[in-house]
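Have a look at the structure below, then the notes.
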Amino acid sequence: MKMSAPDYMQCAEDHQTLLVVVQPVGIVPDEQFFKIYKQICVVNQISIRDSQRVLYIRYRHHYPPDNNEWGDFQTHRKVVGLISITECYSSKDWPQTCEKFHMQKEVYGATLYDSRLFVFGLQGEITDQPRTDVAFYLSYDECNTIAKKVEDFIESLSIVLESKRLDRATDKSGDKIPLLCVPFEKKDFVGLDTDSRHYKKRCQGRMRKHVGDLCLQAGMVQDSLVHYHMAVELLRSVNDFLWLGAALEGLCSASVIHHYPGGTGGKYRASRSYGNSGPAEAGKRHRPGAQEVLIDPGALTTNGISADTSTEIGRAKNCLSPEDIIEKYKEAISYYGKYKNAGVIELEACVKAVRVLAIQKRSMEASEFLQNAVYINLGQLSEEEKIQRYSILSELYECIGFHRKSAFFKRVAAMQCVAPTIQEPGWRACYKLLLETLPGYSLSLDPQDFNKGTHRGWAAVQMRLLHELVYASRRMGNPALSVRHLSFLLQTMLDFLSDQEKKDVTQSLENYTSKCPGTMEVLTLPDGLKLPPVPFNKLPIVRSVKLLNLPANLRPWKVKSVLGQNMTTKSPFIYSPIIAHNRGENQQKKIDFQWVQGDVCEVQLMVYNPMPFELRVENMGLLTTGVDFEFLPAALSLPAESGLYPVTLVGVPRTPGQIIIDGYHTSVFGVSSDCLLENLPGLKTNGCTVEVIPALPRLQLTSSLPRSAHVLQPSLGNEVSTNVAVQLYNGESQKLVIKLENTGTEPLETLEVASKTTSTKEKLYGDFLSWNIEDVLSQLPLKPGKIATFTVNIKVKLDFSCQENLLQDLNDDGISVTGLPLSSPFRQIPKPRADTKPINPPESSKGSDLSQSKTLDAILNFKYSGGPGHEEGYYRKLALGLHIEVEPSVFFTRVSTLPATSIRQCHLLLDIFNSTEHELTISAKNNEDLVLHAAECQRMAIQVDKFNFDNLPEPQGERLLFANQKQLEEEKQLVQGFEINSKLDIGWKIPSLKRQGEASVEGVLNQLVLEHLQLAPLQWDVLVDGKLCDCDVMVDCKVGDPVALEVKLTNQSSRTVGPFALTVIPYQDYQNGVHCYELGDALTFIGSNTFFIDTVKPTEKAVCYGAFLFLYTGEFFLNIKFQDDNANRELPLSWFCLPSVHIRAADSVLQTRG
């Protein structure tokens, strides 16, 4: 017969142990039994008295009796001790308990050295009876002497062992040595010749091997080596292969015990001491290549075994080298393989050899032993035995570093737990074993391990294993585990799944999550193993994350300090390399813009759907830390293999501070995922940290003008949020009503308004945009939900000049000239001065199309603040874009001047062209209206007082600080033109459209015209008989009466002038172009007709006096001329304009009568 079950925990050290079986008698609770069993197992070795030897015990609570019959073959398989544990609470039950104990002893009775019975619960006289084989205890908690009892029990075993060893070693039973047999050999030796030499050697060899076993159990390792060597020689000579294998295995075990005191099974003590041999002597004995044995043939007798082995010990190189141990194991296993009934022995020998090779780190040779063990046929094994066999194979492969092979057998064991032949499959055991296979297949339950580098392991095998985990967890009745493993499969194996497999897996996942949604909670198994959550950061795949700035109208701006916006006061130094380095680090982490508390903030993700079908992502939002952040969930549907697709996630920070975007949240296929950005491979981002400033008000702008499709592109930081448009005629005005609504939660406390013209092609005159800021400031603070009204005046005044002279054929006879009548006797110049032809600015000569419209673009900038953000120095900008189409109204095609009757006045002649399609009326100050039909041109004459430009303020402004002389002159002309235009008050009106505007001459007047309109710096006043002469003033005087003549000079220039000599020349005008200067008989001067004026300083006056009298009646004129000298040539002729003097001399008698 063969052994019923192998002991897969066998190791070489077990050959030196005594086998003690601990079993319950009757009904004993498992908990209490194993509690006592553990206390017994503590005593697993004792030192033999009066010796340096140590006795080792191996306890088993279950041992098949069939295996006990192999005790003669290998004594460590023999049950030599029995400890029974029982409960007995009544003396009446004691006899029955004793009977059960004796029956139990009979099971192992043939091999038992001694036995003990531990009784719990019995009290009375029976307990007082002295018995060595029985110990009584009141309860399981009051059994402190059990260890002592066990030690005594082991000492009794050692005594019996020693006696048997001596008895076997000194057996002198004549010529007869008993033949030790294994159970299946007994029938084979019936009828053999017991007197043959071959038979006797067989008996001697087996007995030598048996004595070696007893010596090894007794702690005599060196003695056992000698006996094993001798047994090998004897058994080899008679070809007793089964026992020769046992002798070789015993030799290997003894050598292993000597070489590896720490043991090979991982469960024995770390050090032992056998005999007194030193390290040097042991090194000599165990050198590699030592011979197997050198034995004196005289030591062996035909009658028996010599008890004195000292000669063999001294002469033999007994212990095998580590290399020889393996060779002998191979030989022993080959001998075992010859016997079908020795399969268990062969399997256990392979296991022992593998454990030794694992210590020696010889993995490849160990794998050969294990491969042999796999194919050993043990007959019909139960499912539990199969599971045990595959499990131990897995553990052994793990010991030698064959992790994938180990995982393979562990998985086979798991599948065996749920074999179809098992009525109640052990799905929990299957699941547990499957989990243990994961490391062998380079699998981890942590998805983070799959983000590091390339994929490790065979993906097809890993997917199969994960499917088995999913199925096992479902059969266990744990849907949460199924969802977790299926999610893990989809996340980590996505790149290896075919399109059909992706569909199947996701469909299964949706079926599971319909009953048990997937969460981000850590799942803890009953054995304490924790399953981390599996975020779907590949569904969808995120390629980039970009934090978006707020819209231009909502971005916060910091009020610049005195030192500048970017200056820091943390260091007294202007520049420090340490500070610069730190700034560089911060810029890598922090965004250079800010978000605002209470405003909707956006993060843009570029995502990709790797699935071959439409991917629905629900409840997608941001994961943040730092401030209280309310995310607004989003749902999206990505088409199959969509490519990069932008997704914007939004949220509202509720508190100020620093916010960090850690990742995003999704719900895909019923599984909720929290995906962290740090775990996304190959992610591009502009930073994940942004500053949230305190809340600011929000303004929404609406205007009275229609919105414009024309979008202005201003400079950076001034993006326009709203654009409006309007069409105006040149010179027309329009009111723009703006409503500012506070749509935020904070009050509006401050508001600043500024404008900027962005179009620079056209030149503007006057105030283009004007407003009264006090009107809107009076409405502050503006509470949330309230509206403030703001009015802006738009006044368009472009250049009205035109190069084309449409009225060149018109003369100055007054036919087509409106305004003041020009019929005056003082019109000495028949036509406008040739030198007053228009010199138009070059910018007005770019085109001759008088009907072409022009455009103006301007921006109204609003700076506002309020609330906590205002206290921190932040504000917002709001910009309104204004696009104006300017249609031409009227043009001044020609401008010139004519002198008036007064030296302080002149006539401004304007040729005005109506460029509209409507009838148009021109008006001017103190002038009659001029009606112009469409495309008609007429001339208007306007009498104006000359201007004293010296009293005008000097042009100012930043742009003039570094201007050249030409630019200064141009600015000066603009100031003068504005002054003239303000006095003219020229306007136009289109009655049919009910539209009107202003016509400005600011850009029309050239330098020559300005000089004619300028009041001379030397002001000359002529008084005749005390009466000021100017315009059409006629002075009456009497013939014969002296008339006083006074010439007054006022120097309004900045220089000293003079001296001057003035000559008075009288004449008469015959009104036919003839002047008569021969008036010697009609008029005479009292004194000289030449007046002298000395030098006159600035702002000073000088007066010269003279007199004359008329001899005859008539109308006379006095022409005052300057004598030509070098001093006068330095000054312009316009400075010497004196008024004409008109005098009417009448007879004194006639005047009296009149």
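Ordered as shown in the structure tokens, chains take letters A, B, and onward, while each chain numbers its residues from 1 and ligands are numbered from 1 in the order shown.
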(message) Applying 12 Å and only C-alpha atoms, which residues near range 390-395 of chain A remain after dropping the ones on its own chain fewer than 6 positions away? List them as a PyMOL selection string.
(response) chain A and resi 6-10+265+347-348+350-352+354-355+358+366-367+369-375+381+383-384+401-417+429-430+432-434+436-437+440
(message) Excluding range 250-257 of chain A and its own-chain neighbours fewer than 3 positions away, which residues fall within 8 Å of it when counting only C-alpha atoms? Please give them as a VMD selection string.
(response) chain A and resid 12 to 13 15 209 212 to 213 216 221 224 to 225 228 to 229 246 to 247 260 to 261 263 319 to 322 325 to 326 328 to 329 356
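Closest approach to Phe1108 in chain A from the set A:Met940, A:Leu1083, A:Ile903, A:Ala5 is made by A:Leu1083, with distances taken over only C-alpha atoms.
Using only C-alpha atoms, the contacts of His485 in chain A at a cut-off of 6 Å, with sequence neighbours closer than 3 positions omitted, comprise Val470, Ser482 and Phe488 of chain A.
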Report as an mmCIF file with N, CA and C atoms, in the first residue's frame: the residues of range 397-585 of chain A with a DSSP assignment of helix (DSSP H, G or I), based on the backbone of this structure.
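New file selection11.cif:
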data_model
loop_
_atom_site.group_PDB
_atom_site.id
_atom_site.type_symbol
_atom_site.label_atom_id
_atom_site.label_comp_id
_atom_site.auth_asym_id
_atom_site.auth_seq_id
_atom_site.Cartn_x
_atom_site.Cartn_y
_atom_site.Cartn_z
ATOM 1 N N TYR A 397 7.692 27.934 -6.293
ATOM 2 C CA TYR A 397 8.158 28.727 -7.428
ATOM 3 C C TYR A 397 8.432 30.175 -7.003
ATOM 4 N N GLU A 398 7.621 30.681 -6.081
ATOM 5 C CA GLU A 398 7.839 32.026 -5.574
ATOM 6 C C GLU A 398 9.162 32.122 -4.823
ATOM 7 N N CYS A 399 9.484 31.040 -4.077
ATOM 8 C CA CYS A 399 10.725 31.041 -3.306
ATOM 9 C C CYS A 399 11.948 31.121 -4.205
ATOM 10 N N HIS A 403 8.216 34.078 -10.498
ATOM 11 C CA HIS A 403 6.955 34.688 -10.060
ATOM 12 C C HIS A 403 5.810 34.363 -11.009
ATOM 13 N N ARG A 404 6.060 34.400 -12.306
ATOM 14 C CA ARG A 404 4.972 34.124 -13.229
ATOM 15 C C ARG A 404 4.540 32.652 -13.153
ATOM 16 N N LYS A 405 5.522 31.747 -12.980
ATOM 17 C CA LYS A 405 5.196 30.328 -12.817
ATOM 18 C C LYS A 405 4.429 30.120 -11.525
ATOM 19 N N SER A 406 4.844 30.836 -10.500
ATOM 20 C CA SER A 406 4.126 30.757 -9.229
ATOM 21 C C SER A 406 2.685 31.222 -9.387
ATOM 22 N N ALA A 407 2.520 32.326 -10.112
ATOM 23 C CA ALA A 407 1.170 32.840 -10.321
ATOM 24 C C ALA A 407 0.326 31.855 -11.133
ATOM 25 N N PHE A 408 0.961 31.180 -12.079
ATOM 26 C CA PHE A 408 0.226 30.218 -12.895
ATOM 27 C C PHE A 408 -0.385 29.113 -12.021
ATOM 28 N N PHE A 409 0.420 28.516 -11.131
ATOM 29 C CA PHE A 409 -0.098 27.433 -10.296
ATOM 30 C C PHE A 409 -1.069 27.942 -9.242
ATOM 31 N N LYS A 410 -0.833 29.196 -8.792
ATOM 32 C CA LYS A 410 -1.801 29.774 -7.847
ATOM 33 C C LYS A 410 -3.149 29.950 -8.530
ATOM 34 N N ARG A 411 -3.122 30.345 -9.792
ATOM 35 C CA ARG A 411 -4.376 30.504 -10.535
ATOM 36 C C ARG A 411 -5.035 29.148 -10.788
ATOM 37 N N VAL A 412 -4.228 28.116 -11.056
ATOM 38 C CA VAL A 412 -4.797 26.783 -11.219
ATOM 39 C C VAL A 412 -5.470 26.334 -9.927
ATOM 40 N N ALA A 413 -4.825 26.632 -8.804
ATOM 41 C CA ALA A 413 -5.429 26.288 -7.522
ATOM 42 C C ALA A 413 -6.737 27.039 -7.314
ATOM 43 N N ALA A 414 -6.751 28.311 -7.744
ATOM 44 C CA ALA A 414 -7.978 29.093 -7.604
ATOM 45 C C ALA A 414 -9.105 28.488 -8.435
ATOM 46 N N MET A 415 -8.784 28.090 -9.671
ATOM 47 C CA MET A 415 -9.808 27.486 -10.519
ATOM 48 C C MET A 415 -10.264 26.132 -9.967
ATOM 49 N N GLN A 416 -9.352 25.454 -9.258
ATOM 50 C CA GLN A 416 -9.716 24.163 -8.679
ATOM 51 C C GLN A 416 -10.719 24.337 -7.548
ATOM 52 N N CYS A 417 -10.692 25.545 -6.910
ATOM 53 C CA CYS A 417 -11.637 25.797 -5.809
ATOM 54 C C CYS A 417 -13.078 25.828 -6.292
ATOM 55 N N TRP A 427 -15.964 30.212 -3.803
ATOM 56 C CA TRP A 427 -15.651 31.419 -4.568
ATOM 57 C C TRP A 427 -14.794 32.394 -3.777
ATOM 58 N N ARG A 428 -14.967 32.421 -2.490
ATOM 59 C CA ARG A 428 -14.134 33.319 -1.693
ATOM 60 C C ARG A 428 -12.684 32.861 -1.712
ATOM 61 N N ALA A 429 -12.475 31.536 -1.559
ATOM 62 C CA ALA A 429 -11.102 31.020 -1.634
ATOM 63 C C ALA A 429 -10.522 31.241 -3.020
ATOM 64 N N CYS A 430 -11.365 31.046 -4.050
ATOM 65 C CA CYS A 430 -10.914 31.291 -5.420
ATOM 66 C C CYS A 430 -10.491 32.745 -5.590
ATOM 67 N N TYR A 431 -11.311 33.661 -5.096
ATOM 68 C CA TYR A 431 -11.005 35.093 -5.224
ATOM 69 C C TYR A 431 -9.723 35.440 -4.483
ATOM 70 N N LYS A 432 -9.559 34.882 -3.292
ATOM 71 C CA LYS A 432 -8.358 35.169 -2.503
ATOM 72 C C LYS A 432 -7.104 34.682 -3.227
ATOM 73 N N LEU A 433 -7.181 33.472 -3.796
ATOM 74 C CA LEU A 433 -6.024 32.946 -4.510
ATOM 75 C C LEU A 433 -5.739 33.743 -5.780
ATOM 76 N N LEU A 434 -6.788 34.179 -6.455
ATOM 77 C CA LEU A 434 -6.585 34.985 -7.651
ATOM 78 C C LEU A 434 -5.883 36.298 -7.316
ATOM 79 N N LEU A 435 -6.250 36.906 -6.198
ATOM 80 C CA LEU A 435 -5.579 38.142 -5.780
ATOM 81 C C LEU A 435 -4.089 37.898 -5.559
ATOM 82 N N GLU A 436 -3.767 36.710 -5.029
ATOM 83 C CA GLU A 436 -2.368 36.422 -4.747
ATOM 84 C C GLU A 436 -1.560 36.200 -6.023
ATOM 85 N N THR A 437 -2.239 35.946 -7.135
ATOM 86 C CA THR A 437 -1.514 35.736 -8.391
ATOM 87 C C THR A 437 -1.125 37.040 -9.085
ATOM 88 N N PRO A 439 0.767 39.773 -8.399
ATOM 89 C CA PRO A 439 2.175 40.194 -8.562
ATOM 90 C C PRO A 439 2.924 39.357 -9.581
ATOM 91 N N GLY A 440 2.614 38.051 -9.646
ATOM 92 C CA GLY A 440 3.317 37.197 -10.591
ATOM 93 C C GLY A 440 3.072 37.579 -12.034
ATOM 94 N N TYR A 441 1.918 38.152 -12.327
ATOM 95 C CA TYR A 441 1.607 38.589 -13.682
ATOM 96 C C TYR A 441 1.845 40.085 -13.875
ATOM 97 N N PRO A 447 -4.071 51.577 -9.789
ATOM 98 C CA PRO A 447 -3.915 52.063 -11.177
ATOM 99 C C PRO A 447 -2.752 53.021 -11.356
ATOM 100 N N GLN A 448 -2.244 53.591 -10.266
ATOM 101 C CA GLN A 448 -1.113 54.509 -10.394
ATOM 102 C C GLN A 448 0.138 53.800 -10.896
ATOM 103 N N ASP A 449 0.231 52.498 -10.628
ATOM 104 C CA ASP A 449 1.417 51.766 -11.070
ATOM 105 C C ASP A 449 1.481 51.640 -12.586
ATOM 106 N N PHE A 450 0.351 51.867 -13.261
ATOM 107 C CA PHE A 450 0.332 51.730 -14.713
ATOM 108 C C PHE A 450 0.612 53.051 -15.415
ATOM 109 N N ASN A 451 0.852 54.099 -14.642
ATOM 110 C CA ASN A 451 1.199 55.389 -15.241
ATOM 111 C C ASN A 451 2.706 55.582 -15.321
ATOM 112 N N ALA A 459 -0.353 41.392 -21.568
ATOM 113 C CA ALA A 459 -1.661 42.031 -21.425
ATOM 114 C C ALA A 459 -2.798 41.027 -21.580
ATOM 115 N N ALA A 460 -2.663 40.070 -22.504
ATOM 116 C CA ALA A 460 -3.748 39.109 -22.726
ATOM 117 C C ALA A 460 -4.003 38.276 -21.478
ATOM 118 N N VAL A 461 -2.914 37.822 -20.823
ATOM 119 C CA VAL A 461 -3.072 37.041 -19.592
ATOM 120 C C VAL A 461 -3.641 37.909 -18.481
ATOM 121 N N GLN A 462 -3.162 39.146 -18.402
ATOM 122 C CA GLN A 462 -3.659 40.039 -17.360
ATOM 123 C C GLN A 462 -5.151 40.309 -17.518
ATOM 124 N N MET A 463 -5.584 40.507 -18.764
ATOM 125 C CA MET A 463 -7.017 40.741 -18.977
ATOM 126 C C MET A 463 -7.836 39.504 -18.594
ATOM 127 N N ARG A 464 -7.318 38.317 -18.912
ATOM 128 C CA ARG A 464 -8.029 37.086 -18.541
ATOM 129 C C ARG A 464 -8.157 36.993 -17.025
ATOM 130 N N LEU A 465 -7.088 37.305 -16.343
ATOM 131 C CA LEU A 465 -7.105 37.235 -14.882
ATOM 132 C C LEU A 465 -8.084 38.247 -14.295
ATOM 133 N N LEU A 466 -8.100 39.457 -14.846
ATOM 134 C CA LEU A 466 -9.017 40.472 -14.346
ATOM 135 C C LEU A 466 -10.467 40.068 -14.593
ATOM 136 N N HIS A 467 -10.752 39.461 -15.749
ATOM 137 C CA HIS A 467 -12.100 38.956 -15.997
ATOM 138 C C HIS A 467 -12.484 37.901 -14.965
ATOM 139 N N GLU A 468 -11.531 37.044 -14.609
ATOM 140 C CA GLU A 468 -11.824 36.017 -13.609
ATOM 141 C C GLU A 468 -12.081 36.644 -12.240
ATOM 142 N N LEU A 469 -11.356 37.716 -11.907
ATOM 143 C CA LEU A 469 -11.618 38.420 -10.643
ATOM 144 C C LEU A 469 -13.022 39.020 -10.635
ATOM 145 N N VAL A 470 -13.392 39.597 -11.776
ATOM 146 C CA VAL A 470 -14.730 40.184 -11.864
ATOM 147 C C VAL A 470 -15.796 39.112 -11.655
ATOM 148 N N TYR A 471 -15.627 37.969 -12.304
ATOM 149 C CA TYR A 471 -16.620 36.910 -12.204
ATOM 150 C C TYR A 471 -16.664 36.329 -10.795
ATOM 151 N N ALA A 472 -15.467 36.127 -10.205
ATOM 152 C CA ALA A 472 -15.424 35.567 -8.854
ATOM 153 C C ALA A 472 -16.072 36.510 -7.853
ATOM 154 N N SER A 473 -15.807 37.786 -7.961
ATOM 155 C CA SER A 473 -16.408 38.742 -7.013
ATOM 156 C C SER A 473 -17.915 38.803 -7.200
ATOM 157 N N ARG A 474 -18.377 38.645 -8.442
ATOM 158 C CA ARG A 474 -19.834 38.626 -8.649
ATOM 159 C C ARG A 474 -20.463 37.394 -8.011
ATOM 160 N N ARG A 475 -19.801 36.235 -8.177
ATOM 161 C CA ARG A 475 -20.328 35.015 -7.570
ATOM 162 C C ARG A 475 -20.251 35.061 -6.053
ATOM 163 N N PRO A 479 -21.084 43.071 -5.629
ATOM 164 C CA PRO A 479 -21.059 43.823 -6.892
ATOM 165 C C PRO A 479 -20.086 44.985 -6.884
ATOM 166 N N ALA A 480 -19.829 45.557 -5.707
ATOM 167 C CA ALA A 480 -18.878 46.678 -5.654
ATOM 168 C C ALA A 480 -17.487 46.226 -6.089
ATOM 169 N N LEU A 481 -17.114 45.008 -5.699
ATOM 170 C CA LEU A 481 -15.824 44.477 -6.131
ATOM 171 C C LEU A 481 -15.805 44.246 -7.635
ATOM 172 N N SER A 482 -16.920 43.754 -8.164
ATOM 173 C CA SER A 482 -16.991 43.518 -9.606
ATOM 174 C C SER A 482 -16.812 44.820 -10.373
ATOM 175 N N VAL A 483 -17.480 45.875 -9.908
ATOM 176 C CA VAL A 483 -17.359 47.176 -10.568
ATOM 177 C C VAL A 483 -15.925 47.688 -10.478
ATOM 178 N N ARG A 484 -15.291 47.510 -9.330
ATOM 179 C CA ARG A 484 -13.929 48.014 -9.150
ATOM 180 C C ARG A 484 -12.956 47.289 -10.083
ATOM 181 N N HIS A 485 -13.061 45.964 -10.161
ATOM 182 C CA HIS A 485 -12.134 45.206 -11.013
ATOM 183 C C HIS A 485 -12.407 45.462 -12.490
ATOM 184 N N LEU A 486 -13.677 45.589 -12.855
ATOM 185 C CA LEU A 486 -13.993 45.850 -14.261
ATOM 186 C C LEU A 486 -13.545 47.263 -14.651
ATOM 187 N N SER A 487 -13.668 48.198 -13.734
ATOM 188 C CA SER A 487 -13.161 49.550 -13.990
ATOM 189 C C SER A 487 -11.651 49.535 -14.153
ATOM 190 N N PHE A 488 -10.995 48.743 -13.314
ATOM 191 C CA PHE A 488 -9.536 48.626 -13.401
ATOM 192 C C PHE A 488 -9.132 48.040 -14.743
ATOM 193 N N LEU A 489 -9.848 47.036 -15.198
ATOM 194 C CA LEU A 489 -9.550 46.422 -16.490
ATOM 195 C C LEU A 489 -9.696 47.439 -17.616
ATOM 196 N N LEU A 490 -10.781 48.204 -17.582
ATOM 197 C CA LEU A 490 -11.023 49.169 -18.647
ATOM 198 C C LEU A 490 -9.994 50.288 -18.624
ATOM 199 N N GLN A 491 -9.580 50.720 -17.448
ATOM 200 C CA GLN A 491 -8.641 51.828 -17.339
ATOM 201 C C GLN A 491 -7.227 51.409 -17.728
ATOM 202 N N THR A 492 -6.774 50.257 -17.244
ATOM 203 C CA THR A 492 -5.373 49.880 -17.437
ATOM 204 C C THR A 492 -5.131 49.107 -18.726
ATOM 205 N N LEU A 494 -6.968 49.472 -21.601
ATOM 206 C CA LEU A 494 -7.708 50.086 -22.703
ATOM 207 C C LEU A 494 -6.946 49.995 -24.029
ATOM 208 N N ASP A 495 -5.633 50.151 -23.963
ATOM 209 C CA ASP A 495 -4.840 50.150 -25.193
ATOM 210 C C ASP A 495 -4.757 48.769 -25.833
ATOM 211 N N PHE A 496 -5.100 47.716 -25.087
ATOM 212 C CA PHE A 496 -4.961 46.352 -25.600
ATOM 213 C C PHE A 496 -6.309 45.719 -25.952
ATOM 214 N N ASP A 499 -11.898 46.746 -30.492
ATOM 215 C CA ASP A 499 -13.120 47.557 -30.498
ATOM 216 C C ASP A 499 -14.301 46.781 -29.942
ATOM 217 N N GLN A 500 -14.407 45.520 -30.308
ATOM 218 C CA GLN A 500 -15.528 44.713 -29.816
ATOM 219 C C GLN A 500 -15.388 44.468 -28.323
ATOM 220 N N GLU A 501 -14.148 44.239 -27.863
ATOM 221 C CA GLU A 501 -13.945 44.022 -26.432
ATOM 222 C C GLU A 501 -14.268 45.290 -25.640
ATOM 223 N N LYS A 502 -13.937 46.454 -26.207
ATOM 224 C CA LYS A 502 -14.289 47.699 -25.520
ATOM 225 C C LYS A 502 -15.800 47.820 -25.350
ATOM 226 N N LYS A 503 -16.524 47.475 -26.388
ATOM 227 C CA LYS A 503 -17.988 47.548 -26.300
ATOM 228 C C LYS A 503 -18.511 46.554 -25.272
ATOM 229 N N ASP A 504 -17.974 45.326 -25.273
ATOM 230 C CA ASP A 504 -18.454 44.308 -24.338
ATOM 231 C C ASP A 504 -18.159 44.692 -22.898
ATOM 232 N N VAL A 505 -16.944 45.185 -22.652
ATOM 233 C CA VAL A 505 -16.565 45.543 -21.284
ATOM 234 C C VAL A 505 -17.416 46.703 -20.775
ATOM 235 N N THR A 506 -17.590 47.731 -21.614
ATOM 236 C CA THR A 506 -18.385 48.876 -21.165
ATOM 237 C C THR A 506 -19.853 48.504 -20.958
ATOM 238 N N GLN A 507 -20.370 47.595 -21.780
ATOM 239 C CA GLN A 507 -21.751 47.164 -21.586
ATOM 240 C C GLN A 507 -21.888 46.402 -20.274
ATOM 241 N N SER A 508 -20.927 45.530 -19.985
ATOM 242 C CA SER A 508 -20.958 44.813 -18.706
ATOM 243 C C SER A 508 -20.844 45.780 -17.539
ATOM 244 N N LEU A 509 -19.971 46.771 -17.690
ATOM 245 C CA LEU A 509 -19.785 47.743 -16.613
ATOM 246 C C LEU A 509 -21.073 48.519 -16.361
ATOM 247 N N GLU A 510 -21.758 48.913 -17.407
ATOM 248 C CA GLU A 510 -23.015 49.637 -17.220
ATOM 249 C C GLU A 510 -24.062 48.750 -16.556
ATOM 250 N N ASN A 511 -24.066 47.466 -16.872
ATOM 251 C CA ASN A 511 -25.010 46.545 -16.214
ATOM 252 C C ASN A 511 -24.719 46.443 -14.727
ATOM 253 N N TYR A 512 -23.434 46.372 -14.372
ATOM 254 C CA TYR A 512 -23.069 46.283 -12.953
ATOM 255 C C TYR A 512 -23.403 47.581 -12.220
ATOM 256 N N THR A 513 -23.025 48.718 -12.832
ATOM 257 C CA THR A 513 -23.220 50.001 -12.132
ATOM 258 C C THR A 513 -24.683 50.408 -12.045
ATOM 259 N N PRO A 577 19.608 88.125 -7.213
ATOM 260 C CA PRO A 577 19.481 86.874 -7.984
ATOM 261 C C PRO A 577 18.644 85.841 -7.261
ATOM 262 N N ILE A 578 18.655 85.875 -5.928
ATOM 263 C CA ILE A 578 17.829 84.907 -5.184
ATOM 264 C C ILE A 578 16.360 85.204 -5.405
ATOM 265 N N ILE A 579 16.006 86.492 -5.325
ATOM 266 C CA ILE A 579 14.613 86.873 -5.555
ATOM 267 C C ILE A 579 14.208 86.545 -6.974
ATOM 268 N N ALA A 580 15.089 86.820 -7.939
ATOM 269 C CA ALA A 580 14.767 86.520 -9.338
ATOM 270 C C ALA A 580 14.570 85.034 -9.543
ATOM 271 N N HIS A 581 15.385 84.218 -8.864
ATOM 272 C CA HIS A 581 15.238 82.756 -9.005
ATOM 273 C C HIS A 581 13.905 82.307 -8.426
ATOM 274 N N ASN A 582 13.561 82.850 -7.264
ATOM 275 C CA ASN A 582 12.277 82.469 -6.656
ATOM 276 C C ASN A 582 11.121 82.901 -7.511
ATOM 277 N N ARG A 583 11.242 84.084 -8.136
ATOM 278 C CA ARG A 583 10.154 84.530 -9.004
ATOM 279 C C ARG A 583 9.974 83.569 -10.170
ATOM 280 N N GLY A 584 11.087 83.073 -10.697
ATOM 281 C CA GLY A 584 10.993 82.128 -11.807
ATOM 282 C C GLY A 584 10.266 80.863 -11.400
ATOM 283 N N GLU A 585 10.535 80.380 -10.165
ATOM 284 C CA GLU A 585 9.850 79.176 -9.700
ATOM 285 C C GLU A 585 8.366 79.437 -9.525
#
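Using only C-alpha atoms, the nearest neighbour of Val886 in chain A within the list A:Asn730, A:Gly1003, A:Ile986, A:Cys143 is A:Asn730.
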